[in-house]
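> upload_28.cif is the file, holding mmCIF, C-alpha atoms and all ligand atoms:
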data_data
loop_
_atom_site.label_atom_id
_atom_site.label_comp_id
_atom_site.auth_asym_id
_atom_site.auth_seq_id
_atom_site.Cartn_x
_atom_site.Cartn_y
_atom_site.Cartn_z
CA MET A 227 0.00 0.00 0.00
CA SER A 228 1.41 3.39 -0.85
CA SER A 229 0.32 6.94 -1.41
CA THR A 230 1.31 10.27 -2.83
CA GLN A 231 1.83 13.03 -0.30
CA THR A 232 2.09 16.61 -1.48
CA ASN A 233 2.90 19.70 0.52
CA ASN A 234 1.33 23.04 -0.13
CA SER A 235 4.24 25.49 -0.14
CA THR A 236 2.03 28.53 0.45
CA LEU A 237 0.74 26.97 3.64
CA ALA A 238 4.30 26.51 4.87
CA LEU A 239 4.49 30.30 5.19
CA ALA A 240 1.44 30.58 7.42
CA PRO A 241 2.19 31.68 10.97
CA ALA A 242 2.28 28.90 13.52
CA THR A 243 -0.03 28.86 16.50
CA ALA A 244 1.76 28.44 19.82
CA LYS A 245 0.05 25.46 21.46
CA GLY A 246 -1.94 22.60 20.06
CA LEU A 247 -2.25 20.40 17.02
CA GLU A 248 -3.10 22.24 13.81
CA LEU A 249 -4.43 20.47 10.77
CA ARG A 250 -4.10 23.00 7.98
CA ARG A 251 -6.28 22.21 5.02
CA VAL A 252 -5.51 18.52 5.30
CA SER A 253 -7.13 16.75 2.41
CA ILE A 254 -7.20 13.06 1.48
CA ARG A 255 -8.56 12.09 -1.93
CA LEU A 256 -9.17 8.71 -3.45
CA ASN A 257 -9.67 8.64 -7.23
CA GLY A 258 -10.71 12.28 -7.19
CA ARG A 259 -13.22 11.81 -4.37
CA VAL A 260 -12.52 13.89 -1.27
CA LEU A 261 -12.50 11.60 1.77
CA VAL A 262 -11.05 14.04 4.28
CA ASP A 263 -11.05 17.82 4.24
CA ILE A 264 -10.17 19.24 7.63
CA ASP A 265 -8.86 22.59 8.76
CA THR A 266 -8.86 22.89 12.52
CA ILE A 267 -6.81 23.48 15.64
CA ILE A 268 -7.02 21.07 18.55
CA LYS A 269 -5.97 23.00 21.60
CA SER A 270 -3.81 21.76 24.43
CA GLY A 271 -5.94 19.48 26.63
CA GLU A 272 -8.83 19.44 24.15
CA ILE A 273 -10.28 16.12 23.02
CA VAL A 274 -11.80 16.20 19.54
CA THR A 275 -13.78 13.23 18.24
CA LEU A 276 -13.66 12.31 14.56
CA MET A 277 -16.64 10.24 13.49
CA GLY A 278 -17.34 8.94 10.00
CA PRO A 279 -18.38 5.80 8.16
CA SER A 280 -16.03 2.94 7.41
CA GLY A 281 -13.62 3.82 4.61
CA SER A 282 -14.00 7.56 5.08
CA GLY A 283 -10.29 8.10 5.64
CA LYS A 284 -10.17 8.43 9.43
CA SER A 285 -7.25 6.05 10.00
CA SER A 286 -5.42 7.47 7.01
CA LEU A 287 -5.66 10.91 8.60
CA LEU A 288 -4.14 9.63 11.85
CA THR A 289 -1.29 7.90 10.03
CA TYR A 290 -0.69 11.05 8.01
CA ILE A 291 -0.33 13.03 11.25
CA CYS A 292 2.05 10.38 12.65
CA GLY A 293 4.10 10.26 9.47
CA THR A 294 3.45 6.55 8.92
CA LEU A 295 1.15 6.82 5.91
CA PRO A 296 3.13 5.10 3.16
CA VAL A 297 4.54 7.59 0.69
CA GLY A 298 5.19 7.08 -2.94
CA GLY A 299 2.66 6.43 -5.50
CA THR A 300 -0.57 4.47 -5.36
CA ALA A 301 -2.38 6.02 -8.29
CA GLY A 302 -5.51 7.81 -7.18
CA PHE A 303 -4.60 8.24 -3.49
CA GLU A 304 -3.47 11.76 -2.69
CA VAL A 305 -2.83 13.57 0.56
CA SER A 306 -2.03 17.24 1.06
CA GLY A 307 -1.99 19.84 3.78
CA GLN A 308 0.14 20.68 6.74
CA VAL A 309 0.34 19.38 10.28
CA VAL A 310 1.78 21.72 12.93
CA LEU A 311 2.33 20.66 16.52
CA ASN A 312 2.98 23.32 19.12
CA GLY A 313 4.20 25.66 16.43
CA ARG A 314 6.48 23.13 14.72
CA GLY A 315 5.66 21.92 11.22
CA LEU A 316 5.81 18.12 11.02
CA ASP A 317 6.06 17.75 7.25
CA GLY A 318 9.05 15.71 6.24
CA LEU A 319 9.90 14.61 9.77
CA ALA A 320 10.35 10.92 10.55
CA PRO A 321 7.61 9.42 12.76
CA GLN A 322 9.93 9.17 15.77
CA ASP A 323 10.77 12.87 15.51
CA ARG A 324 7.16 14.07 15.49
CA HIS A 325 6.34 13.47 19.16
CA VAL A 326 2.89 12.24 18.32
CA GLY A 327 1.58 9.30 20.36
CA ILE A 328 -1.01 6.90 19.01
CA LEU A 329 -3.13 4.24 20.69
CA PHE A 330 -4.79 1.56 18.60
CA GLN A 331 -7.61 -0.99 19.01
CA ASP A 332 -4.97 -3.59 19.82
CA ASP A 333 -2.58 -2.74 22.63
CA LEU A 334 0.40 -4.05 20.61
CA LEU A 335 2.44 -4.86 23.72
CA PHE A 336 5.60 -6.82 22.93
CA PRO A 337 4.92 -10.36 24.18
CA HIS A 338 8.60 -11.19 24.70
CA LEU A 339 9.18 -8.25 27.07
CA SER A 340 7.96 -7.74 30.63
CA VAL A 341 5.58 -4.89 31.40
CA GLY A 342 8.58 -2.83 32.53
CA GLY A 343 10.48 -3.79 29.37
CA ASN A 344 7.57 -2.59 27.25
CA LEU A 345 7.58 0.73 29.06
CA ALA A 346 11.38 1.09 28.94
CA PHE A 347 11.17 0.75 25.17
CA ALA A 348 9.16 3.98 25.01
CA LEU A 349 11.34 6.15 27.25
CA PRO A 350 13.18 8.88 25.36
CA SER A 351 16.92 8.34 25.07
CA SER A 352 17.37 11.63 26.94
CA VAL A 353 16.24 9.82 30.09
CA ARG A 354 19.56 8.33 31.07
CA GLY A 355 20.64 6.26 34.02
CA ARG A 356 19.12 3.02 35.22
CA LEU A 357 17.67 4.52 38.37
CA GLU A 358 15.98 7.41 36.58
CA ARG A 359 14.52 5.06 33.96
CA ARG A 360 13.31 2.63 36.60
CA THR A 361 11.73 5.47 38.60
CA ARG A 362 9.87 6.82 35.55
CA ILE A 363 8.51 3.36 34.81
CA GLU A 364 7.45 2.69 38.39
CA ASP A 365 5.80 6.11 38.68
CA ALA A 366 3.89 5.50 35.44
CA LEU A 367 2.70 2.11 36.65
CA GLU A 368 1.71 3.59 40.00
CA SER A 369 -0.34 6.33 38.35
CA ALA A 370 -2.11 3.65 36.28
CA GLY A 371 -2.97 1.66 39.41
CA LEU A 372 -0.42 -0.99 38.44
CA GLY A 373 2.25 -0.49 41.07
CA GLY A 374 4.55 -3.51 41.29
CA PHE A 375 3.67 -4.81 37.82
CA ALA A 376 7.02 -4.04 36.17
CA ASP A 377 8.23 -7.63 36.11
CA ARG A 378 4.95 -9.16 34.99
CA ASP A 379 4.55 -10.92 31.66
CA PRO A 380 1.94 -8.99 29.60
CA ALA A 381 0.20 -12.32 28.85
CA THR A 382 -0.78 -12.54 32.54
CA LEU A 383 -2.63 -9.19 32.54
CA SER A 384 -6.34 -8.57 32.12
CA GLY A 385 -7.62 -6.57 29.14
CA GLY A 386 -8.00 -3.43 31.23
CA GLN A 387 -4.53 -3.76 32.71
CA ARG A 388 -3.04 -4.22 29.24
CA ALA A 389 -4.92 -1.16 27.99
CA ARG A 390 -3.48 0.92 30.83
CA VAL A 391 0.05 -0.33 30.16
CA ALA A 392 -0.40 0.53 26.47
CA LEU A 393 -1.49 4.07 27.39
CA MET A 394 1.43 4.50 29.79
CA ARG A 395 3.80 3.29 27.09
CA VAL A 396 2.56 6.05 24.80
CA LEU A 397 2.67 8.70 27.53
CA LEU A 398 6.19 7.75 28.64
CA SER A 399 7.41 8.66 25.17
CA GLU A 400 6.44 12.25 26.11
CA PRO A 401 4.22 12.97 23.11
CA GLY A 402 3.07 16.48 22.30
CA ALA A 403 -0.25 15.17 20.99
CA LEU A 404 -2.31 12.03 21.39
CA LEU A 405 -4.18 10.16 18.66
CA LEU A 406 -6.71 7.48 19.52
CA ASP A 407 -7.70 5.00 16.80
CA GLU A 408 -10.73 3.26 18.30
CA PRO A 409 -8.73 2.14 21.33
CA PHE A 410 -11.81 1.17 23.35
CA SER A 411 -13.70 -0.85 20.77
CA LYS A 412 -12.46 -4.25 21.91
CA LEU A 413 -13.19 -3.70 25.60
CA ASP A 414 -16.44 -4.80 27.19
CA THR A 415 -18.86 -2.09 28.30
CA GLU A 416 -17.85 -1.70 31.94
CA LEU A 417 -14.14 -1.78 31.24
CA ARG A 418 -14.62 0.51 28.31
CA ASP A 419 -16.12 3.25 30.51
CA GLN A 420 -13.34 2.86 33.04
CA ILE A 421 -10.45 2.91 30.55
CA ARG A 422 -12.01 5.70 28.52
CA THR A 423 -12.28 7.88 31.61
CA PHE A 424 -8.68 7.09 32.51
CA VAL A 425 -7.36 7.92 29.04
CA PHE A 426 -9.27 11.22 28.88
CA GLU A 427 -8.10 12.18 32.40
CA GLN A 428 -4.49 11.52 31.49
CA ALA A 429 -4.77 13.46 28.21
CA ARG A 430 -6.25 16.48 29.99
CA LEU A 431 -3.87 16.27 32.92
CA ARG A 432 -0.93 16.43 30.52
CA GLY A 433 -2.52 19.10 28.34
CA LEU A 434 -2.32 16.94 25.23
CA PRO A 435 -4.28 17.94 22.15
CA THR A 436 -6.14 14.70 21.45
CA LEU A 437 -7.84 13.44 18.30
CA MET A 438 -10.02 10.35 18.75
CA VAL A 439 -11.37 8.28 15.88
CA THR A 440 -14.41 6.21 16.77
CA HIS A 441 -17.58 4.64 15.46
CA ASP A 442 -19.23 4.83 18.85
CA PRO A 443 -21.26 7.96 19.69
CA ASP A 444 -20.81 7.12 23.40
CA ASP A 445 -17.07 7.73 23.03
CA GLY A 446 -17.76 11.21 21.66
CA ALA A 447 -20.29 11.94 24.38
CA ALA A 448 -17.85 10.76 27.06
CA ALA A 449 -15.12 13.01 25.65
CA GLY A 450 -17.53 15.91 25.92
CA GLY A 451 -15.75 17.99 23.31
CA ARG A 452 -16.18 18.81 19.65
CA ILE A 453 -17.32 16.10 17.28
CA ILE A 454 -16.13 16.57 13.71
CA ASN A 455 -16.62 14.71 10.42
CA PRO A 456 -13.89 13.85 7.91
CA VAL A 457 -15.44 16.26 5.37
N1 LIG B 1 -2.01 4.15 0.90
C1 LIG B 1 -3.20 3.95 0.33
N2 LIG B 1 -3.31 3.78 -1.00
C2 LIG B 1 -4.49 3.63 -1.60
N3 LIG B 1 -5.68 3.61 -0.93
C3 LIG B 1 -5.62 3.75 0.40
C4 LIG B 1 -4.40 3.93 1.11
N4 LIG B 1 -4.69 4.04 2.43
C5 LIG B 1 -6.02 3.93 2.54
N5 LIG B 1 -6.59 3.77 1.33
C6 LIG B 1 -8.03 3.69 1.03
O1 LIG B 1 -8.60 4.88 1.55
C7 LIG B 1 -9.90 4.62 2.09
C8 LIG B 1 -9.96 5.09 3.53
O2 LIG B 1 -9.30 4.14 4.38
P1 LIG B 1 -9.19 4.36 5.97
O3 LIG B 1 -8.67 3.09 6.55
O4 LIG B 1 -8.44 5.59 6.22
O5 LIG B 1 -10.72 4.58 6.37
P2 LIG B 1 -11.40 4.56 7.81
O6 LIG B 1 -12.40 5.67 7.82
O7 LIG B 1 -10.37 4.58 8.88
O8 LIG B 1 -12.13 3.14 7.79
P3 LIG B 1 -12.57 2.18 9.03
O9 LIG B 1 -13.56 2.99 9.84
O10 LIG B 1 -13.18 1.02 8.33
O11 LIG B 1 -11.32 1.84 9.78
C9 LIG B 1 -10.14 3.12 1.90
O12 LIG B 1 -10.90 2.97 0.73
C10 LIG B 1 -8.73 2.56 1.74
O13 LIG B 1 -8.76 1.39 0.96
#
Could I get this file's structure written as structure tokens?

Amino acid sequence: MSSTQTNNSTLALAPATAKGLELRRVSIRLNGRVLVDIDTIIKSGEIVTLMGPSGSGKSSLLTYICGTLPVGGTAGFEVSGQVVLNGRGLDGLAPQDRHVGILFQDDLLFPHLSVGGNLAFALPSSVRGRLERRTRIEDALESAGLGGFADRDPATLSGGQRARVALMRVLLSEPGALLLDEPFSKLDTELRDQIRTFVFEQARLRGLPTLMVTHDPDDGAAAGGRIINPV
């Protein structure tokens, strides 16, 4: 799967807004049909819900923001527009340099690593020293209600515990923005409410501009913020 990404050079000259995630005239087209056409700013600590039917380009938008949308030439698939995070244009940056965290439907924990090992993987290289790294991991687990879980095998955790570890793994990477790609859809109702509340609390606490893709109107209602459509 691949795509063509184009930058709009006139947009590159537009002044940057200080805080938040800006999507400047981001457009995704498939065979001439506009799937996504969004121009908005998600402020620090704001949670915006993106709802749209299957195939309407929601996941493509998130991967475009992350820099993981494959580049380079599927005929008929075109993406343009600019993404600016806290005043810094992300165009052309590698995914790891964008400081954008994303949570998926599947927690994607590494099965061969302990819980602590999974979290250590996310810590920025600027966090040096074994003690400092260990402390960050233990503090993260504590704040997720998982104190003492560092040495556990992820396979021994419940779905809710895994979801919280996955969130902490994203947050430990110190993202400037958070993207949620239906991360609650595989959880049963009770757990879903609990984890959703926890994720939203953490996003607000850290002042992260957050964009959530979902099919579930309850997710949007629980976020309590703006609900937008792809076009
Ligand atoms: N790199 C690509 N090249 C060509 N077509 C693509 C590419 N990426 C996605 N598409 C197509 O773009 C459309 C939108 O896909 P996308 O997965 O973004 O939609 P979605 O709204 O997230 O769907 P769902 O809700 O089912 O997950 C689909 O028709 C998909 O096949």
> Give me, as a list in words, all polymer residues having an atom no more than 6 Å from region 316-325 of chain A, counting only C-alpha atoms and skipping those fewer than 3 positions away in the same chain.
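Within the cut-off, the hits are Cys292, Gly293, Val309, Val310, Pro401 and Gly402 of chain A.
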> Choose the residue, out of A:Ala346, A:Val305, A:Ala370, A:Leu247, that has the smallest atom-to-atom separation from Asp263 (chain A); count all atoms listed in the file.
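Under the stated criterion, the closest residue is A:Val305.
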> A:Ser399, A:Ser340, A:Gln387, A:Ser306: which is nearest Arg362 (chain A), counting all atoms listed in the file?
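Using all atoms listed in the file, Arg362 (chain A) sits closest to A:Ser399.
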> When you draw a straight line from CA of Asn257 (chain A) to CA of Phe303 (chain A), how long is it in Å?
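Interatomic distance, CA of Asn257 (chain A) to CA of Phe303 (chain A): 6.3 Å.
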> Compile the contact shell of Gln331 (chain A) as a PyMOL selection string: residues with an atom at most 9 Å away, counting only C-alpha atoms, same-chain residues fewer than 4 positions apart removed.
chain A and resi 406-412
> Residues at most 12 Å from ligand LIG 1 (chain B), using only C-alpha atoms and all ligand atoms? Could they come as a PyMOL selection string?
chain A and resi 227-231+253-262+276-290+294-305+330-331+406-409+411+438-442+455-457
> Keeping only C-alpha atoms, take the residues you just selected and write them out as a compact mmCIF listing (two decimals), in the frame of the given file.

# COMPACT_ATOMS: atom_id res chain seq x y z
CA MET A 227 0.00 0.00 0.00
CA SER A 228 1.41 3.39 -0.85
CA SER A 229 0.32 6.94 -1.41
CA THR A 230 1.31 10.27 -2.83
CA GLN A 231 1.83 13.03 -0.30
CA SER A 253 -7.13 16.75 2.41
CA ILE A 254 -7.20 13.06 1.48
CA ARG A 255 -8.56 12.09 -1.93
CA LEU A 256 -9.17 8.71 -3.45
CA ASN A 257 -9.67 8.64 -7.23
CA GLY A 258 -10.71 12.28 -7.19
CA ARG A 259 -13.22 11.81 -4.37
CA VAL A 260 -12.52 13.89 -1.27
CA LEU A 261 -12.50 11.60 1.77
CA VAL A 262 -11.05 14.04 4.28
CA LEU A 276 -13.66 12.31 14.56
CA MET A 277 -16.64 10.24 13.49
CA GLY A 278 -17.34 8.94 10.00
CA PRO A 279 -18.38 5.80 8.16
CA SER A 280 -16.03 2.94 7.41
CA GLY A 281 -13.62 3.82 4.61
CA SER A 282 -14.00 7.56 5.08
CA GLY A 283 -10.29 8.10 5.64
CA LYS A 284 -10.17 8.43 9.43
CA SER A 285 -7.25 6.05 10.00
CA SER A 286 -5.42 7.47 7.01
CA LEU A 287 -5.66 10.91 8.60
CA LEU A 288 -4.14 9.63 11.85
CA THR A 289 -1.29 7.90 10.03
CA TYR A 290 -0.69 11.05 8.01
CA THR A 294 3.45 6.55 8.92
CA LEU A 295 1.15 6.82 5.91
CA PRO A 296 3.13 5.10 3.16
CA VAL A 297 4.54 7.59 0.69
CA GLY A 298 5.19 7.08 -2.94
CA GLY A 299 2.66 6.43 -5.50
CA THR A 300 -0.57 4.47 -5.36
CA ALA A 301 -2.38 6.02 -8.29
CA GLY A 302 -5.51 7.81 -7.18
CA PHE A 303 -4.60 8.24 -3.49
CA GLU A 304 -3.47 11.76 -2.69
CA VAL A 305 -2.83 13.57 0.56
CA PHE A 330 -4.79 1.56 18.60
CA GLN A 331 -7.61 -0.99 19.01
CA LEU A 406 -6.71 7.48 19.52
CA ASP A 407 -7.70 5.00 16.80
CA GLU A 408 -10.73 3.26 18.30
CA PRO A 409 -8.73 2.14 21.33
CA SER A 411 -13.70 -0.85 20.77
CA MET A 438 -10.02 10.35 18.75
CA VAL A 439 -11.37 8.28 15.88
CA THR A 440 -14.41 6.21 16.77
CA HIS A 441 -17.58 4.64 15.46
CA ASP A 442 -19.23 4.83 18.85
CA ASN A 455 -16.62 14.71 10.42
CA PRO A 456 -13.89 13.85 7.91
CA VAL A 457 -15.44 16.26 5.37
> When distances are computed from all atoms listed in the file, which of A:Val252, A:Ala381, A:Leu357, A:Leu349 shows the smallest separation from Pro337 (chain A)?
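So, comparing all the options, the nearest one is A:Ala381.
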> Work out how far CA of Arg356 (chain A) is from CA of Arg378 (chain A), in Å to one decimal.
18.7 Å
> Contacts of Leu413 (chain A) at 8 Å or less, counting only C-alpha atoms, minus same-chain residues fewer than 5 places along, as a list in words?
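These residues fall inside the cut-off: Gly385, Gly386 and Arg418 of chain A.
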> Could you please take those selected residues and save C-alpha atoms as a PDB file, in the frame of the given file?

ATOM      1  CA  GLY A 385      -7.620  -6.570  29.140  1.00  0.00           C
ATOM      2  CA  GLY A 386      -8.000  -3.430  31.230  1.00  0.00           C
ATOM      3  CA  ARG A 418     -14.620   0.510  28.310  1.00  0.00           C
TER       4      ARG A 418
END
> Please write as a PyMOL selection string the list of polymer residues whose atoms come within 12 Å of (-3.5, 14.3, 29.8), counting all atoms listed in the file and keeping to the coordinates of the file.
chain A and resi 270-273+327+393-394+396-398+400-405+423-436
> Can you tell me how far CA of Gly451 (chain A) sits from CA of Leu335 (chain A), in Å to one decimal?
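A separation of 29.2 Å between them.
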> Which polymer residues have any atom within 6 Å of an atom of Val341 (chain A), counting only C-alpha atoms, with same-chain residues fewer than 2 positions away left out, as a list in words?
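What passes the distance filter is Gly343, Asn344, Ala376, Arg378 and Pro380 of chain A.
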> Residues around (-5.1, 22.1, 18.2), cut-off 6 Å, counting all atoms listed in the file - what are they as a ChimeraX atom specification?
/A:246-248,267-269,435
